[in-house]
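S.K.: What follows is protein00.txt; its format and atoms are compact mmCIF, C-alpha atoms.
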```txt
# COMPACT_ATOMS: atom_id res chain seq x y z
CA MET A 29 -96.26 -17.77 -46.09
CA SER A 30 -99.75 -17.45 -47.53
CA GLU A 31 -100.60 -14.81 -44.96
CA ILE A 32 -98.90 -11.94 -46.85
CA VAL A 33 -101.90 -10.74 -48.82
CA ASP A 34 -100.46 -7.52 -50.19
CA TYR A 35 -97.24 -5.56 -50.56
CA ARG A 36 -96.96 -1.78 -50.80
CA ARG A 37 -93.81 0.26 -51.30
CA ALA A 38 -93.81 3.64 -49.54
CA ASP A 39 -91.64 6.50 -50.83
CA THR A 40 -92.09 8.87 -47.91
CA ILE A 41 -92.56 8.62 -44.14
CA GLN A 42 -95.95 10.27 -44.52
CA GLU A 43 -97.08 7.67 -47.04
CA ALA A 44 -95.85 4.79 -44.87
CA CYS A 45 -97.57 6.13 -41.74
CA THR A 46 -100.84 6.57 -43.62
CA LEU A 47 -100.70 2.97 -44.84
CA LEU A 48 -99.78 1.75 -41.35
CA GLU A 49 -102.99 3.22 -39.92
CA GLN A 50 -104.83 0.34 -41.55
CA PRO A 51 -105.19 -2.76 -39.38
CA SER A 52 -103.17 -5.83 -40.38
CA THR A 53 -100.30 -3.81 -41.80
CA ARG A 54 -96.69 -4.38 -40.83
CA VAL A 55 -93.47 -2.59 -41.70
CA LEU A 56 -91.09 -4.44 -44.00
CA ALA A 57 -87.56 -3.07 -43.53
CA GLY A 58 -84.64 -5.47 -44.00
CA GLY A 59 -87.01 -8.42 -43.70
CA THR A 60 -84.53 -10.68 -41.92
CA ASP A 61 -86.74 -11.10 -38.85
CA ILE A 62 -90.26 -10.41 -40.04
CA LEU A 63 -90.21 -12.81 -42.98
CA LEU A 64 -89.22 -15.63 -40.64
CA ARG A 65 -91.78 -14.62 -38.07
CA LEU A 66 -94.65 -14.36 -40.58
CA ASN A 67 -93.75 -17.83 -41.71
CA ARG A 68 -95.06 -19.10 -38.39
CA SER A 69 -98.31 -17.11 -38.31
CA THR A 70 -101.54 -17.40 -40.23
CA ASP A 71 -102.99 -13.89 -39.90
CA PRO A 72 -103.39 -12.04 -43.20
CA VAL A 73 -101.01 -9.10 -43.35
CA THR A 74 -100.13 -6.30 -45.76
CA LEU A 75 -96.45 -5.42 -45.77
CA VAL A 76 -95.39 -1.79 -46.12
CA ASP A 77 -91.89 -1.70 -47.62
CA ILE A 78 -89.97 1.29 -46.22
CA THR A 79 -86.58 0.54 -47.78
CA ALA A 80 -87.00 3.20 -50.48
CA ILE A 81 -87.65 6.05 -48.02
CA GLN A 82 -84.55 8.20 -48.46
CA GLU A 83 -85.20 10.40 -45.40
CA MET A 84 -85.00 7.31 -43.16
CA THR A 85 -81.59 6.20 -44.40
CA GLY A 86 -78.17 7.37 -43.31
CA ILE A 87 -76.25 8.79 -40.39
CA ARG A 88 -76.13 12.53 -39.83
CA GLN A 89 -74.29 14.71 -37.35
CA GLU A 90 -76.76 17.23 -35.95
CA GLN A 91 -76.41 20.05 -33.46
CA ASP A 92 -77.08 17.98 -30.32
CA GLY A 93 -75.94 14.60 -31.50
CA ILE A 94 -76.11 11.92 -34.12
CA ARG A 95 -79.22 10.95 -36.01
CA ILE A 96 -79.36 7.41 -37.38
CA GLY A 97 -82.20 6.84 -39.84
CA ALA A 98 -84.09 3.74 -38.75
CA MET A 99 -83.76 2.24 -42.24
CA THR A 100 -79.96 2.45 -42.20
CA ARG A 101 -78.59 -1.01 -42.96
CA LEU A 102 -76.33 -2.57 -40.35
CA ALA A 103 -73.58 -2.93 -42.99
CA ASP A 104 -73.67 0.84 -43.54
CA MET A 105 -73.56 1.47 -39.79
CA ALA A 106 -70.44 -0.68 -39.62
CA ARG A 107 -68.86 1.27 -42.51
CA ALA A 108 -69.60 4.72 -41.04
CA ALA A 109 -66.39 6.56 -40.09
CA ILE A 110 -68.03 8.25 -37.10
CA PHE A 111 -68.68 4.94 -35.34
CA GLN A 112 -64.94 4.25 -35.35
CA GLN A 113 -64.57 6.85 -32.60
CA PRO A 114 -63.80 5.27 -29.18
CA VAL A 115 -67.06 6.49 -27.65
CA TYR A 116 -69.09 4.60 -30.26
CA ARG A 117 -66.94 1.47 -30.17
CA ALA A 118 -69.68 -0.43 -28.29
CA LEU A 119 -72.22 0.34 -31.01
CA PHE A 120 -69.77 -0.67 -33.75
CA GLN A 121 -68.92 -3.92 -31.95
CA GLY A 122 -72.60 -4.70 -31.40
CA THR A 123 -73.43 -4.01 -35.05
CA ILE A 124 -70.70 -6.14 -36.64
CA GLN A 125 -71.55 -9.07 -34.39
CA ILE A 126 -75.09 -9.40 -35.75
CA GLY A 127 -75.71 -12.25 -38.18
CA SER A 128 -73.53 -12.53 -41.28
CA PRO A 129 -72.46 -10.07 -44.01
CA GLN A 130 -75.56 -11.13 -45.97
CA ILE A 131 -77.84 -10.38 -43.01
CA ARG A 132 -76.15 -7.03 -42.29
CA ASN A 133 -76.57 -6.02 -45.94
CA LEU A 134 -80.33 -6.41 -45.50
CA ALA A 135 -81.11 -5.77 -41.83
CA SER A 136 -81.70 -2.25 -40.52
CA ILE A 137 -80.91 -0.68 -37.16
CA GLY A 138 -84.60 0.16 -36.71
CA GLY A 139 -85.55 -3.44 -37.37
CA ASN A 140 -83.05 -4.70 -34.82
CA LEU A 141 -84.77 -2.48 -32.24
CA CYS A 142 -88.41 -2.94 -33.34
CA ASN A 143 -88.03 -6.70 -33.33
CA ALA A 144 -87.49 -6.12 -29.59
CA ALA A 145 -85.51 -9.28 -29.01
CA PRO A 146 -83.88 -9.13 -25.58
CA SER A 147 -80.67 -10.23 -27.33
CA ALA A 148 -80.55 -7.36 -29.87
CA ASP A 149 -76.86 -6.47 -30.12
CA THR A 150 -77.37 -2.77 -30.92
CA ALA A 151 -79.81 -2.23 -28.05
CA ALA A 152 -77.41 -2.42 -25.09
CA PRO A 153 -74.84 -0.03 -26.65
CA LEU A 154 -77.60 2.45 -27.58
CA LEU A 155 -79.14 2.25 -24.09
CA ALA A 156 -75.74 2.95 -22.55
CA LEU A 157 -75.34 5.94 -24.92
CA ASP A 158 -78.68 7.36 -23.70
CA ALA A 159 -80.23 7.09 -27.15
CA GLN A 160 -83.72 8.35 -27.91
CA ALA A 161 -86.28 6.91 -30.29
CA GLU A 162 -88.02 9.22 -32.77
CA ILE A 163 -91.51 7.85 -33.37
CA THR A 164 -93.54 9.27 -36.23
CA SER A 165 -97.22 8.97 -37.09
CA ARG A 166 -99.22 10.80 -39.77
CA LYS A 167 -100.11 13.52 -37.28
CA CYS A 168 -97.12 13.90 -34.98
CA ILE A 169 -93.57 13.07 -33.98
CA ARG A 170 -92.72 12.02 -30.44
CA TYR A 171 -89.44 11.28 -28.73
CA ILE A 172 -88.93 8.76 -25.95
CA PRO A 173 -85.83 7.38 -24.25
CA LEU A 174 -84.90 4.07 -25.83
CA ALA A 175 -85.24 2.49 -22.37
CA GLU A 176 -88.99 3.16 -22.60
CA PHE A 177 -89.24 1.82 -26.15
CA PHE A 178 -88.87 -1.85 -25.14
CA LEU A 179 -91.88 -3.27 -23.29
CA GLY A 180 -91.10 -7.00 -23.43
CA PRO A 181 -89.94 -9.72 -25.79
CA GLY A 182 -91.26 -8.64 -29.24
CA LYS A 183 -93.17 -5.73 -27.71
CA THR A 184 -92.44 -2.04 -28.24
CA ALA A 185 -94.06 1.29 -27.41
CA LEU A 186 -95.19 1.70 -31.04
CA THR A 187 -98.93 1.92 -31.61
CA GLN A 188 -101.00 1.50 -34.79
CA GLY A 189 -99.95 4.03 -37.42
CA GLU A 190 -96.62 4.76 -35.74
CA MET A 191 -93.15 3.99 -37.02
CA LEU A 192 -89.66 4.25 -35.53
CA THR A 193 -88.05 6.79 -37.88
CA SER A 194 -84.73 7.70 -36.24
CA ILE A 195 -82.46 6.91 -33.35
CA LEU A 196 -80.84 9.94 -31.73
CA ILE A 197 -77.63 9.75 -29.74
CA PRO A 198 -76.85 12.86 -27.67
CA THR A 199 -73.30 14.16 -28.18
CA PRO A 200 -71.03 12.45 -25.67
CA ALA A 201 -68.28 14.30 -23.81
CA ALA A 202 -65.03 14.48 -25.80
CA GLY A 203 -62.64 11.68 -24.93
CA SER A 204 -65.37 9.27 -23.78
CA ARG A 205 -65.06 5.57 -24.53
CA SER A 206 -67.17 2.44 -24.69
CA VAL A 207 -67.09 -1.31 -25.21
CA TYR A 208 -69.57 -4.10 -26.00
CA LEU A 209 -68.77 -7.71 -25.12
CA LYS A 210 -70.94 -10.55 -26.37
CA HIS A 211 -70.89 -14.15 -25.29
CA SER A 212 -72.20 -16.71 -27.77
CA THR A 213 -71.38 -20.22 -28.96
CA ARG A 214 -70.05 -19.20 -32.38
CA ARG A 215 -68.09 -16.10 -33.33
CA ALA A 216 -70.44 -15.33 -36.24
CA MET A 217 -74.09 -15.94 -37.07
CA ASP A 218 -75.16 -16.41 -33.48
CA LEU A 219 -77.34 -14.76 -30.87
CA ALA A 220 -75.92 -13.62 -27.55
CA PHE A 221 -76.28 -15.60 -24.31
CA VAL A 222 -75.25 -12.36 -22.68
CA GLY A 223 -74.20 -8.94 -23.99
CA VAL A 224 -72.68 -6.14 -21.92
CA ALA A 225 -72.18 -2.53 -23.00
CA VAL A 226 -70.23 -0.02 -20.92
CA VAL A 227 -69.89 3.69 -21.71
CA LEU A 228 -67.62 5.95 -19.68
CA GLN A 229 -68.31 9.64 -20.29
CA ASN A 230 -65.20 11.78 -19.96
CA THR A 231 -66.80 14.33 -17.64
CA ALA A 232 -65.56 15.97 -14.42
CA GLU A 233 -68.01 13.91 -12.40
CA ARG A 234 -67.63 10.20 -13.17
CA GLN A 235 -70.46 9.01 -15.46
CA THR A 236 -70.56 5.30 -16.23
CA ALA A 237 -73.40 3.58 -18.04
CA ILE A 238 -73.84 -0.20 -18.06
CA ALA A 239 -76.45 -1.98 -20.20
CA LEU A 240 -77.14 -5.69 -20.64
CA SER A 241 -78.80 -7.70 -23.39
CA ALA A 242 -80.28 -11.20 -23.46
CA VAL A 243 -80.64 -11.40 -19.68
CA ALA A 244 -84.09 -9.92 -19.03
CA PRO A 245 -87.40 -9.53 -20.94
CA THR A 246 -85.90 -6.39 -22.54
CA PRO A 247 -82.37 -4.99 -22.86
CA ILE A 248 -81.76 -3.11 -19.59
CA ARG A 249 -79.63 -0.49 -17.87
CA VAL A 250 -78.28 -1.53 -14.49
CA SER A 251 -78.33 1.73 -12.53
CA ALA A 252 -77.46 0.16 -9.16
CA ALA A 253 -74.16 -1.08 -10.61
CA GLU A 254 -73.55 2.28 -12.32
CA GLN A 255 -74.02 4.11 -9.02
CA VAL A 256 -71.46 1.94 -7.24
CA ILE A 257 -68.85 3.11 -9.73
CA ASN A 258 -70.02 6.69 -10.11
CA GLN A 259 -70.13 7.29 -6.35
CA ALA A 260 -66.89 5.53 -5.47
CA LYS A 261 -64.03 7.76 -4.37
CA ASP A 262 -61.58 5.75 -6.44
CA VAL A 263 -62.31 3.07 -9.00
CA THR A 264 -60.60 -0.02 -7.64
CA GLU A 265 -60.76 -3.67 -8.62
CA ALA A 266 -63.05 -4.24 -5.62
CA ILE A 267 -65.46 -1.57 -6.86
CA LEU A 268 -65.56 -3.08 -10.34
CA MET A 269 -66.19 -6.54 -8.87
CA LYS A 270 -69.03 -5.17 -6.78
CA ALA A 271 -70.58 -3.49 -9.84
CA ALA A 272 -70.29 -6.69 -11.88
CA ARG A 273 -71.91 -8.72 -9.11
CA LEU A 274 -74.73 -6.17 -8.80
CA SER A 275 -75.29 -6.37 -12.56
CA ALA A 276 -75.71 -10.13 -12.31
CA GLU A 277 -78.12 -9.70 -9.38
CA THR A 278 -80.22 -7.10 -11.24
CA ALA A 279 -80.65 -9.25 -14.35
CA ARG A 280 -83.53 -11.69 -14.70
CA PRO A 281 -82.18 -14.27 -17.12
CA ILE A 282 -84.20 -17.25 -18.31
CA SER A 283 -83.23 -20.75 -19.34
CA ASP A 284 -83.79 -21.40 -23.02
CA ILE A 285 -82.42 -23.25 -26.02
CA ARG A 286 -79.16 -21.27 -25.90
CA SER A 287 -78.28 -21.26 -22.22
CA THR A 288 -79.45 -21.79 -18.65
CA ALA A 289 -80.37 -18.96 -16.32
CA ALA A 290 -77.63 -19.93 -13.87
CA TYR A 291 -74.95 -19.90 -16.57
CA ARG A 292 -76.17 -16.57 -17.89
CA GLY A 293 -75.99 -15.14 -14.37
CA GLU A 294 -72.34 -16.24 -14.04
CA MET A 295 -71.51 -14.87 -17.46
CA ILE A 296 -73.01 -11.46 -16.71
CA ASN A 297 -70.64 -11.25 -13.77
CA VAL A 298 -67.63 -12.30 -15.85
CA LEU A 299 -68.42 -10.19 -18.92
CA THR A 300 -69.34 -7.06 -16.98
CA LEU A 301 -66.08 -7.27 -15.03
CA ARG A 302 -64.11 -7.75 -18.26
CA ALA A 303 -65.84 -4.80 -19.91
CA LEU A 304 -65.29 -2.57 -16.86
CA ARG A 305 -61.60 -3.55 -16.67
CA GLN A 306 -61.18 -2.63 -20.34
CA ILE A 307 -62.84 0.72 -19.83
CA PHE A 308 -61.00 1.59 -16.62
CA GLU A 309 -57.78 0.00 -17.84
CA CYS A 310 -57.09 -2.05 -14.76
CA MET B 21 -103.96 -12.60 -52.81
CA MET B 22 -103.02 -10.06 -55.48
CA LEU B 23 -100.68 -11.21 -58.20
CA LYS B 24 -98.02 -8.57 -58.93
CA SER B 25 -96.53 -8.06 -62.37
CA ILE B 26 -92.93 -7.07 -61.89
CA THR B 27 -89.69 -6.96 -63.82
CA LEU B 28 -86.60 -8.47 -62.26
CA VAL B 29 -83.17 -7.54 -63.59
CA VAL B 30 -80.97 -10.59 -63.22
CA ASN B 31 -77.48 -10.84 -64.70
CA ASN B 32 -78.16 -7.68 -66.74
CA ARG B 33 -81.24 -9.21 -68.35
CA SER B 34 -84.83 -8.12 -67.72
CA TYR B 35 -87.36 -10.79 -66.78
CA PRO B 36 -91.04 -9.78 -66.65
CA VAL B 37 -92.70 -12.11 -64.16
CA ASP B 38 -95.93 -12.41 -62.17
CA VAL B 39 -95.44 -13.16 -58.49
CA GLU B 40 -97.54 -13.54 -55.36
CA PRO B 41 -96.68 -10.91 -52.73
CA ASP B 42 -95.34 -13.64 -50.44
CA GLU B 43 -93.00 -15.29 -52.95
CA LEU B 44 -89.34 -15.30 -52.02
CA LEU B 45 -86.65 -14.20 -54.43
CA VAL B 46 -84.88 -17.57 -54.18
CA ASP B 47 -88.03 -19.43 -55.24
CA VAL B 48 -88.78 -17.09 -58.14
CA LEU B 49 -85.19 -17.31 -59.39
CA ARG B 50 -85.28 -21.09 -59.29
CA GLU B 51 -88.84 -21.94 -60.25
CA LYS B 52 -89.98 -19.09 -62.51
CA LEU B 53 -86.72 -17.90 -64.10
CA LEU B 54 -85.27 -21.42 -64.01
CA LEU B 55 -81.96 -20.10 -62.70
CA THR B 56 -81.35 -23.14 -60.51
CA GLY B 57 -77.70 -22.34 -59.79
CA THR B 58 -78.91 -20.51 -56.69
CA LYS B 59 -79.50 -23.15 -54.02
CA LYS B 60 -81.99 -23.18 -51.18
CA GLY B 61 -80.71 -24.67 -47.96
CA CYS B 62 -82.12 -23.66 -44.60
CA GLY B 63 -84.64 -21.07 -45.78
CA THR B 64 -83.93 -19.00 -42.66
CA GLY B 65 -80.91 -16.93 -43.68
CA ASP B 66 -78.41 -19.04 -41.77
CA CYS B 67 -76.64 -21.22 -44.34
CA GLY B 68 -75.97 -18.79 -47.20
CA ALA B 69 -76.59 -21.31 -50.01
CA CYS B 70 -79.10 -18.89 -51.58
CA THR B 71 -76.68 -15.94 -51.60
CA VAL B 72 -76.99 -13.59 -54.60
CA LEU B 73 -75.74 -10.06 -55.17
CA MET B 74 -78.30 -7.26 -54.98
CA ASP B 75 -76.89 -3.94 -56.21
CA GLY B 76 -73.44 -5.44 -55.66
CA ARG B 77 -73.97 -6.60 -52.10
CA ASN B 78 -74.34 -10.21 -51.01
CA VAL B 79 -77.73 -11.06 -49.51
CA THR B 80 -79.57 -14.27 -48.67
CA SER B 81 -82.32 -14.49 -51.30
CA CYS B 82 -84.51 -16.56 -48.95
CA LEU B 83 -84.98 -13.40 -46.86
CA VAL B 84 -85.93 -11.15 -49.77
CA LEU B 85 -89.42 -10.94 -51.22
CA ALA B 86 -89.37 -11.12 -55.00
CA VAL B 87 -91.61 -8.01 -55.21
CA ALA B 88 -89.12 -6.11 -53.09
CA ALA B 89 -86.29 -7.00 -55.50
CA GLU B 90 -87.90 -5.06 -58.35
CA GLY B 91 -85.65 -2.21 -59.44
CA LYS B 92 -82.51 -3.87 -58.08
CA SER B 93 -79.69 -5.33 -60.09
CA ILE B 94 -79.36 -9.00 -59.17
CA THR B 95 -76.38 -11.21 -59.92
CA THR B 96 -76.65 -14.98 -59.59
CA ILE B 97 -74.02 -17.64 -60.16
CA GLU B 98 -75.19 -17.92 -63.79
CA GLY B 99 -74.01 -14.33 -64.25
CA MET B 100 -70.47 -15.15 -63.14
CA THR B 101 -69.47 -17.06 -66.25
CA SER B 102 -69.18 -15.67 -69.76
CA ASP B 103 -69.03 -17.81 -72.90
CA GLY B 104 -68.63 -20.86 -70.73
CA LYS B 105 -65.49 -19.47 -69.11
CA LEU B 106 -65.36 -19.59 -65.33
CA HIS B 107 -64.86 -16.46 -63.26
CA SER B 108 -61.42 -16.28 -61.61
CA ILE B 109 -63.02 -16.94 -58.19
CA GLN B 110 -64.67 -20.12 -59.49
CA GLN B 111 -61.43 -21.25 -61.13
CA SER B 112 -59.54 -20.67 -57.90
CA LEU B 113 -62.03 -22.77 -55.88
CA LEU B 114 -61.62 -25.52 -58.45
CA ASP B 115 -57.81 -25.29 -58.47
CA HIS B 116 -57.64 -25.53 -54.67
CA HIS B 117 -60.05 -28.46 -54.40
CA ALA B 118 -62.28 -26.21 -52.29
CA ILE B 119 -65.42 -27.92 -53.56
CA GLN B 120 -66.83 -31.26 -52.54
CA CYS B 121 -70.60 -31.62 -52.81
CA GLY B 122 -70.83 -28.14 -54.33
CA TYR B 123 -74.08 -27.08 -52.71
CA CYS B 124 -72.55 -24.11 -50.88
CA THR B 125 -70.33 -23.11 -53.81
CA PRO B 126 -72.62 -20.71 -55.75
CA GLY B 127 -73.32 -18.68 -52.61
CA LEU B 128 -69.68 -18.81 -51.62
CA VAL B 129 -68.57 -17.49 -55.02
CA LEU B 130 -70.94 -14.51 -54.73
CA SER B 131 -69.94 -13.72 -51.14
CA THR B 132 -66.30 -13.86 -52.23
CA LYS B 133 -67.03 -11.48 -55.11
CA ALA B 134 -68.77 -9.04 -52.74
CA LEU B 135 -65.81 -9.27 -50.36
CA LEU B 136 -63.10 -8.76 -53.00
CA ASP B 137 -65.00 -5.99 -54.81
CA GLU B 138 -64.96 -4.00 -51.56
CA ASN B 139 -61.61 -5.17 -50.21
CA PRO B 140 -59.30 -6.59 -52.90
CA ASP B 141 -56.53 -7.37 -50.39
CA PRO B 142 -58.22 -9.00 -47.38
CA SER B 143 -56.36 -10.53 -44.43
CA GLU B 144 -57.13 -14.13 -43.51
CA ASP B 145 -59.32 -12.87 -40.69
CA GLU B 146 -61.23 -10.61 -43.09
CA ILE B 147 -61.70 -13.54 -45.48
CA ARG B 148 -63.08 -15.74 -42.71
CA ARG B 149 -65.46 -12.98 -41.60
CA GLY B 150 -66.40 -12.25 -45.22
CA ILE B 151 -67.53 -15.83 -45.81
CA SER B 152 -68.91 -16.40 -42.29
CA GLY B 153 -72.45 -16.42 -43.68
CA ASN B 154 -71.74 -19.33 -46.05
CA LEU B 155 -71.76 -22.69 -44.34
CA CYS B 156 -69.85 -25.58 -45.90
CA ARG B 157 -70.36 -28.99 -44.36
CA CYS B 158 -67.74 -30.79 -46.48
CA THR B 159 -64.38 -29.07 -46.71
CA GLY B 160 -63.73 -27.52 -43.31
CA TYR B 161 -63.01 -24.06 -44.83
CA GLN B 162 -59.21 -24.30 -44.97
CA LYS B 163 -59.13 -24.95 -48.70
CA ILE B 164 -61.83 -22.38 -49.29
CA VAL B 165 -59.80 -19.74 -47.45
CA GLU B 166 -56.72 -20.68 -49.48
CA ALA B 167 -58.74 -20.41 -52.69
CA VAL B 168 -60.08 -16.97 -51.75
CA LYS B 169 -56.55 -15.82 -50.87
CA ALA B 170 -55.32 -16.98 -54.26
CA ALA B 171 -58.28 -15.38 -56.02
CA ALA B 172 -57.47 -12.07 -54.33
CA LYS B 173 -54.08 -11.98 -56.07
CA ASP B 174 -54.45 -10.14 -59.40
CA TYR B 175 -58.19 -9.78 -58.72
CA ASP B 176 -59.73 -7.48 -61.29
CA GLY B 177 -63.41 -7.96 -60.46
CA GLY B 178 -64.05 -9.91 -63.60
CA LEU B 179 -67.63 -9.73 -64.69
CA SER B 180 -70.09 -7.49 -62.95
```
What would the structure in this file look like if it were written as C-alpha cells?

M.R.:
Amino acid sequence: MSEIVDYRRADTIQEACTLLEQPSTRVLAGGTDILLRLNRSTDPVTLVDITAIQEMTGIRQEQDGIRIGAMTRLADMARAAIFQQPVYRALFQGTIQIGSPQIRNLASIGGNLCNAAPSADTAAPLLALDAQAEITSRKCIRYIPLAEFFLGPGKTALTQGEMLTSILIPTPAAGSRSVYLKHSTRRAMDLAFVGVAVVLQNTAERQTAIALSAVAPTPIRVSAAEQVINQAKDVTEAILMKAARLSAETARPISDIRSTAAYRGEMINVLTLRALRQIFEC
Amino acid sequence: MMLKSITLVVNNRSYPVDVEPDELLVDVLREKLLLTGTKKGCGTGDCGACTVLMDGRNVTSCLVLAVAAEGKSITTIEGMTSDGKLHSIQQSLLDHHAIQCGYCTPGLVLSTKALLDENPDPSEDEIRRGISGNLCRCTGYQKIVEAVKAAAKDYDGGLS
C-alpha cells in the first residue's frame, strides 16, 4: 500500500473538512473498506482520520427524529437501545448482519454508506425509513434524501471538501414496524445477493416503504410496489404477491461472483413476499 | 513518504516505534515489536487470525493502520498469559482439544475474551456469533464452542 503518503488525525469536523479540500485526500473512518480498496490502487493519497471527532459519534434523539453520527461504529448501533424498537428492527437486522464482530467494532455507519456498495446492509433499511444525509463542508451544511446520496457503485453525491457527518431519521408514527431480510451464502461474514427492507408506518392512511439492496447499481426504493399496497382497499395475499413481483421487475440485478441476475430476480420476489408477510402478518 | 514516530501501548507496555503511514498494525506488531503471536492470514479482514483487542474490543489488526492505533490500549495473545500461566480461555481450549494447527487460536482467544467480557453467560448461538469472525479450518468449531462454554463457567475476566 505504498500509495498512502500521509496520515492526519482530525479532532473536529471543521478541521477534517479543511483537510479534505486538498486534492488526493480521503476520509479514514473504520478503514474496513478503504484500506482494502487502496491496496489495489497506485494513486498517492493522504488519509484524514475522523475517528477521534466526538461530535460525529453517537446516536441522539432530537426534536424531529434520530441523529446518527456518521462515525458511529456498527457495533454501537447494534447495542443502542433505541434500535430495539419494532420500527427500527430493519436497521438493527441490517447492522448486525454486516461482516463479523471484529469488522463491526471498526466499521462506521457513514463508511457503510459512503462506500456506496449496492449491497450495503444499512442502506435499504435507511432508505425505507426516509433517512436524510447531512453533508458538511468548511463553508456549509446541506441535507439531501439518502436516495439522492447514492449515484452508482462506489459513487456518492459528496464533492471535494465535503463529508457525510450525520444520518437523520424522521420520527416514525408510533406503533410502526419494519423488517430486513438478507439472502447470502453464509450466515456471517458475507455480502448479500439480495436484501429487502420493509417499513410499515402506523398511520391512518396506509404507508408502506420497500427498499432493495444488491440488485441495482445503488440501493433503491421500489415505489411502484409500494403504491400497489398503499392504494389497495385491503391487503390480501394477492396484493402482496403483486408487490413482490413488481419489486423483482423494478430491480436491475447483475450477474457477478456471488450470484446470477436471474437467481437474484427470483430471490427478490421470494424475499420481498416473505418480508411483506411478516409485516402484514399473513 | 513521511515516517511517523508514534508510541503504541501493547499489553500495558509502551513501545516507541517509527512507522510508515501505510503500515498495518498486524505487521508492526509482528515485525517491529516482534510480537509474533498475532498471526496474519488473509490480510483482508475475513479470517480473524490477526485479531487483537483495541480498547477492549476485538478488531482485525490487518484493517488497522499502526498510526491510527496510537493512543489505544492494545492486547495481543502475549498479554493473555502471566508468569507463564495460561489464561483460563487458553486452558479451556487446550482441555477440550479445540486446537489443531493453532493458527487461528490467538485470534480466537481474543475474540472469546471480548465476548465473555461483555456477556459472561452467552448462549450457544451467541458464542457462535461471537466467534463468527474467526475461521478455523481444522476442528469444525464443535470443540471450540464446547471450550468457550466451559470457559464461560466461573469466568472472571482474568488478565486485562

S.K.: Taking all atoms listed in the file into account, which of A:Thr199, A:Thr123, A:Ser69, A:Gln160 comes nearest Glu176 (chain A)?

M.R.: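 Selected residue with least distance to Glu176 (chain A): A:Gln160.
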
S.K.: Any idea which chain B residues end up within 7 Å of chain A if we count only C-alpha atoms, as a PyMOL selection string please?

M.R.: chain B and resi 21-22+41-42+64+77-80+83-84+150+152-153

S.K.: Looking at all atoms listed in the file, which of A:Ile78, A:Val207, A:Ile307, A:Ile195 is the one that sits closest to Val263 (chain A)?

M.R.: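 Among A:Ile78, A:Val207, A:Ile307, A:Ile195, it is A:Ile307 that comes nearest to Val263 (chain A).
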
S.K.: Figure out the distance between CA of Arg292 (chain A) and CA of Ala242 (chain A), please, to one decimal in Å.

M.R.: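 So the answer is 8.8 Å.
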
S.K.: Once 4 Å is added on each side, what centre and edge lengths in Å to one decimal does the axis-aligned box around all listed atoms of region 62-74 of chain A have, as AutoDock Vina command-line options?

M.R.:
```
--center_x -96.3 --center_y -12.7 --center_z -41.9 --size_x 22.2 --size_y 20.8 --size_z 15.7
```
